[in-house]
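This report concerns only the one structure given below.
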Amino acid sequence: MNWDALLEPLSRLCIGVPRRAEPLRRHTTLRVGGPAALFYKTRDLEEFARISIWAHQHAVPVFIMGHGSNILVSDCGVPALVLYNACQRMAIGEETYAETGVSFRDLFLKTAQAGLSGLEFAVGIPGTLGGALVSNAGAYRSNIADLLVELDLVSEGVRLRTTPNWMEFSYRDSRLRRPNAPPTSLLAVRMRLKPDRRLEILRRARGFQLQRILKQPPESSAGSFFKNVYDRTLADRLPNLPAPMREVGVVPAGYLIEACGLKGYAIGGACVSRKHANFLINRGWATAHDFDRLARHIERVVYETYGVQLEREVLRVGDWEEGADVP
Ligand SMILES: Cc1cc2nc3c(=O)[nH]c(=O)nc-3n(C[C@H](O)[C@H](O)[C@H](O)COP(=O)(O)OP(=O)(O)OC[C@H]3O[C@@H](n4cnc5c(N)ncnc54)[C@H](O)[C@@H]3O)c2cc1C
């Protein structure tokens, strides 16, 4: 693809200025990742939709990014138009409207101030609403899918208003995470929240926040790297698994990684956190390749020890072919 030649027609659609070769490590919480072939930060929903439709019509590959808190971007970068979503309008009410570039934390704070409950779990999740939708983000037995009423999106060049069923949500998953997912820009949602006392809402959120501070490492990470394992037989086999987890048949990925003795294990600058074994952290000099090798090592050791194939929660993005060119 001739990225230089695309700059001019793209610029005609944009309010701001698109850029070539923006380093994506500046925009990811793992602080790794090579350049985007083209990069544009959109703050306007109609512009976001217009560019998404144009890209589809001209067969330009697009990658939408929010706060980059759930992605591992290749050192070779992303051979696509990377649209950084900063569309952040909200209208708060029992039926709340929000554009998907809004930060999950701001959405919680605004709705809590209005005495609306439902997003307490979101308080320590550092991404945007869009990223939360793609992975059905959640914590403390709640997730975003349960709150949704309607979605506004562009899929395969067509703008749609549709129901949450369209996303085929399940645990930390939606159709947009799957291979060959239709190219889709999530634009905005309507969600239903429950009225409650403001102090109660803040008290619950503060409780969740405290648990996070105690459990999670402060270094650069992408949160939980692997999904928890729902397997009752495995849960019954693990004598030290806390009883509430055995009852529901869930084995935290961090439990398995720690039990394999991998806390503190490092490859290059990427390391398994000593505080929480499901957090892979950047010691300051990690490359995306270090993280990928570390993740593969963990997958192999856990498989050999427990016969469990861990599934990644963090998405690999960009070009991972051996010897790929920088776009
Ligand atoms: C310290 C820490 C704690 C975390 N805790 C949790 C937690 O408790 N629970 C949890 O579920 N997650 C957690 N995460 C992971 C992450 O924050 C969430 O998955 C978050 O919702 C991702 O949002 P993002 O904007 O960063 O998405 P990104 O990482 O930018 O993108 C993730 C994926 O979503 C796609 N995407 C993003 N926006 C759009 C859009 N508008 N349209 C189409 N596709 C889009 C991207 O293309 C990409 O495939 C944590 C991460 C960190 C660093």
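Residue numbering restarts at 1 in every chain; chains get A, B, ... in the order shown in the structure tokens, and ligands count up from 1 in that same order.
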Q: Would you please give, as JSON, numbers by chain, all residues of region 79-218 of chain A that DSSP assigns to strand (DSSP E or B) based on the backbone?
A: {"A": [79, 80, 81, 82, 83, 84, 85, 90, 91, 95, 96, 97, 98, 99, 103, 116, 117, 128, 138, 139, 142, 143, 148, 149, 150, 151, 152, 153, 154, 155, 158, 159, 160, 161, 162, 170, 173, 184, 185, 186, 187, 188, 189, 190, 191, 192, 194, 195]}
Go ahead and save the residues from that selection, with C-alpha atoms, as a PDB file, in the first residue's frame.
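Contents of selection_33.pdb, freshly written:
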```pdb
ATOM      1  CA  PRO A  79       0.509  -1.493   8.529  1.00  0.00           C
ATOM      2  CA  ALA A  80      -2.832   0.313   8.731  1.00  0.00           C
ATOM      3  CA  LEU A  81      -4.492   3.651   9.254  1.00  0.00           C
ATOM      4  CA  VAL A  82      -4.544   3.816  13.053  1.00  0.00           C
ATOM      5  CA  LEU A  83      -7.502   5.898  14.233  1.00  0.00           C
ATOM      6  CA  TYR A  84      -7.032   7.033  17.816  1.00  0.00           C
ATOM      7  CA  ASN A  85     -10.536   7.504  19.162  1.00  0.00           C
ATOM      8  CA  MET A  90     -21.687  12.069  27.024  1.00  0.00           C
ATOM      9  CA  ALA A  91     -25.307  12.761  27.997  1.00  0.00           C
ATOM     10  CA  GLU A  95     -30.498   6.075  29.753  1.00  0.00           C
ATOM     11  CA  THR A  96     -26.962   7.386  29.292  1.00  0.00           C
ATOM     12  CA  TYR A  97     -25.436   8.200  25.906  1.00  0.00           C
ATOM     13  CA  ALA A  98     -21.656   8.020  25.526  1.00  0.00           C
ATOM     14  CA  GLU A  99     -19.235   8.197  22.633  1.00  0.00           C
ATOM     15  CA  SER A 103     -12.463   7.081  29.341  1.00  0.00           C
ATOM     16  CA  LEU A 116     -26.452   6.387  38.736  1.00  0.00           C
ATOM     17  CA  SER A 117     -25.072   2.968  39.612  1.00  0.00           C
ATOM     18  CA  THR A 128     -11.878   3.773  26.744  1.00  0.00           C
ATOM     19  CA  GLY A 138     -15.430  -6.259  33.570  1.00  0.00           C
ATOM     20  CA  ALA A 139     -14.412  -6.931  37.127  1.00  0.00           C
ATOM     21  CA  SER A 142     -19.949  -7.161  36.487  1.00  0.00           C
ATOM     22  CA  ASN A 143     -19.268  -6.379  32.876  1.00  0.00           C
ATOM     23  CA  LEU A 148     -26.058  -1.775  27.088  1.00  0.00           C
ATOM     24  CA  VAL A 149     -29.241  -0.855  25.263  1.00  0.00           C
ATOM     25  CA  GLU A 150     -28.084   0.215  21.794  1.00  0.00           C
ATOM     26  CA  LEU A 151     -24.913   0.603  19.712  1.00  0.00           C
ATOM     27  CA  ASP A 152     -24.063   3.059  16.948  1.00  0.00           C
ATOM     28  CA  LEU A 153     -21.327   1.687  14.686  1.00  0.00           C
ATOM     29  CA  VAL A 154     -19.849   1.435  11.216  1.00  0.00           C
ATOM     30  CA  SER A 155     -19.287  -2.150  10.076  1.00  0.00           C
ATOM     31  CA  VAL A 158     -22.190   0.649   6.647  1.00  0.00           C
ATOM     32  CA  ARG A 159     -23.467   2.752   9.549  1.00  0.00           C
ATOM     33  CA  LEU A 160     -25.851   0.856  11.829  1.00  0.00           C
ATOM     34  CA  ARG A 161     -27.847   1.331  14.999  1.00  0.00           C
ATOM     35  CA  THR A 162     -28.177  -2.086  16.533  1.00  0.00           C
ATOM     36  CA  SER A 170     -19.272 -13.561  26.341  1.00  0.00           C
ATOM     37  CA  ASP A 173     -14.978 -11.602  24.450  1.00  0.00           C
ATOM     38  CA  THR A 184     -15.913  -2.243  12.636  1.00  0.00           C
ATOM     39  CA  SER A 185     -15.732   1.160  14.305  1.00  0.00           C
ATOM     40  CA  LEU A 186     -17.800   1.373  17.470  1.00  0.00           C
ATOM     41  CA  LEU A 187     -19.014   4.977  17.654  1.00  0.00           C
ATOM     42  CA  ALA A 188     -21.379   5.405  20.606  1.00  0.00           C
ATOM     43  CA  VAL A 189     -23.712   3.532  22.940  1.00  0.00           C
ATOM     44  CA  ARG A 190     -26.829   3.985  24.994  1.00  0.00           C
ATOM     45  CA  MET A 191     -26.755   2.231  28.339  1.00  0.00           C
ATOM     46  CA  ARG A 192     -29.192   1.831  31.216  1.00  0.00           C
ATOM     47  CA  LYS A 194     -29.849   2.294  38.099  1.00  0.00           C
ATOM     48  CA  PRO A 195     -30.520   5.252  40.387  1.00  0.00           C
TER      49      PRO A 195
END
```
Q. Using only C-alpha atoms and all ligand atoms, which protein or nucleic acid residues are at most 6 Å from ligand 1, as JSON, numbers by chain?
A. {"A": [29, 63, 64, 65, 66, 67, 68, 69, 70, 71, 100, 125, 126, 127, 128, 130, 131, 132, 134, 135, 137, 138, 139, 184, 185, 186, 187, 221, 222, 223]}
Using only C-alpha atoms, please write the residues we just selected to a file, as a short mmCIF file (atom, residue, chain, number, x, y, z; two decimals), in the first residue's frame.
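Everything below was put into out_26.cif:
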```
data_model
loop_
_atom_site.label_atom_id
_atom_site.label_comp_id
_atom_site.auth_asym_id
_atom_site.auth_seq_id
_atom_site.Cartn_x
_atom_site.Cartn_y
_atom_site.Cartn_z
CA THR A 29 0.28 1.11 28.49
CA PHE A 63 -7.01 -0.23 13.29
CA ILE A 64 -9.04 1.63 15.93
CA MET A 65 -7.30 2.32 19.17
CA GLY A 66 -8.41 3.68 22.49
CA HIS A 67 -5.96 4.03 25.36
CA GLY A 68 -3.87 1.06 24.20
CA SER A 69 -4.32 -0.73 27.53
CA ASN A 70 -5.26 -4.14 26.15
CA ILE A 71 -2.94 -4.50 23.15
CA THR A 100 -16.73 5.36 22.70
CA ILE A 125 -9.88 0.08 34.25
CA PRO A 126 -7.65 2.47 32.32
CA GLY A 127 -9.16 2.16 28.82
CA THR A 128 -11.88 3.77 26.74
CA GLY A 130 -14.72 1.35 22.93
CA GLY A 131 -11.92 -0.94 24.11
CA ALA A 132 -14.14 -2.08 26.98
CA VAL A 134 -14.55 -5.13 22.31
CA SER A 135 -13.32 -7.27 25.23
CA ALA A 137 -14.42 -5.52 30.05
CA GLY A 138 -15.43 -6.26 33.57
CA ALA A 139 -14.41 -6.93 37.13
CA THR A 184 -15.91 -2.24 12.64
CA SER A 185 -15.73 1.16 14.30
CA LEU A 186 -17.80 1.37 17.47
CA LEU A 187 -19.01 4.98 17.65
CA SER A 221 1.40 -3.42 32.02
CA ALA A 222 -1.73 -4.26 30.07
CA GLY A 223 -3.62 -5.56 33.09
#
```
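Using only C-alpha atoms, the shortest contact distance between Leu38 (chain A) and any of A:Arg25, A:Ile15, A:Trp3, A:Phe225 is found at A:Trp3.
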Q: Name the residues in contact with Lys275 (chain A) at a cut-off of 9 Å, using only C-alpha atoms, excluding same-chain residues fewer than 6 positions from it; report them as a list in words.
A: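 In the requested format, the answer is Leu214, Lys215, Gln216, Pro217, Lys263 and Gly264 of chain A.
Nearest to Cys14 (chain A) of all the residues A:Arg237, A:Arg26, A:Arg31, A:Arg43 is A:Arg43, counting only C-alpha atoms.
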**Q.** DSSP-assigned helix (DSSP H, G or I) among region 5-180 of chain A, expressed as a PyMOL selection string
**A.** chain A and resi 5-13+24-27+45-57+104-113+120-124+129-134+144-147+164-167+175-177
Q | Proximity to Ala21 (chain A) - best of A:Val62, A:Leu280, A:Met1, A:Val78, only C-alpha atoms | A | A:Val78
Q: Within 8 Å of Phe226 (chain A), counting only C-alpha atoms, which residues show up once you throw out same-chain ones fewer than 2 positions away? Write them as a list in words, please.
A: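 Selected residues are Ser224, Asn228, Ala253, Asn278, Leu310, Glu311, Arg312, Glu313 and Val314 of chain A.
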Suppose we keep C-alpha atoms; can you now write the selection as a compact mmCIF listing (two decimals), in the first residue's frame?
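What landed in again_13.txt:
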```txt
# COMPACT_ATOMS: atom_id res chain seq x y z
CA SER A 224 -4.34 -9.28 33.19
CA ASN A 228 -9.11 -16.91 33.77
CA ALA A 253 -4.66 -17.57 35.26
CA ASN A 278 -1.03 -12.53 35.59
CA LEU A 310 -4.08 -20.31 28.45
CA GLU A 311 -5.96 -17.84 26.28
CA ARG A 312 -4.59 -14.33 25.95
CA GLU A 313 -6.72 -11.41 27.06
CA VAL A 314 -4.23 -8.90 25.60
```
**Q.** Residue among A:Leu238, A:Val250, A:Leu256, A:Leu147 lying closest to Glu304 (chain A), counting only C-alpha atoms
**A.** A:Leu256
Q: Give me the residues within 12 Å of Asp236 (chain A) as a VMD selection string, counting only C-alpha atoms and dropping any in the same chain fewer than 5 places off.
A: chain A and resid 230 to 231 241 to 251
Q | Interatomic distance (Å, one decimal) between CA of Arg283 (chain A) and CA of Pro218 (chain A) | A |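 Distance between the two atoms: 11.3 Å.
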Q: To one decimal in Å, tell me the separation between CA of Glu47 (chain A) and CA of Asp146 (chain A).
A: 28.7 Å
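Checking A:Glu299, A:Asp4, A:Asp106, A:Glu156 one by one against Leu262 (chain A), counting only C-alpha atoms, you find the shortest gap at A:Glu299.
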Q: Tell me which of A:Gly261, A:Gly307, A:Pro164, A:Gly269 sits closest to Leu234 (chain A), counting only C-alpha atoms.
A: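 Among the listed residues, A:Gly307 lies closest to Leu234 (chain A).
Atom to atom, CA of Phe121 (chain A) and CA of Arg105 (chain A) stand 9.5 Å apart.
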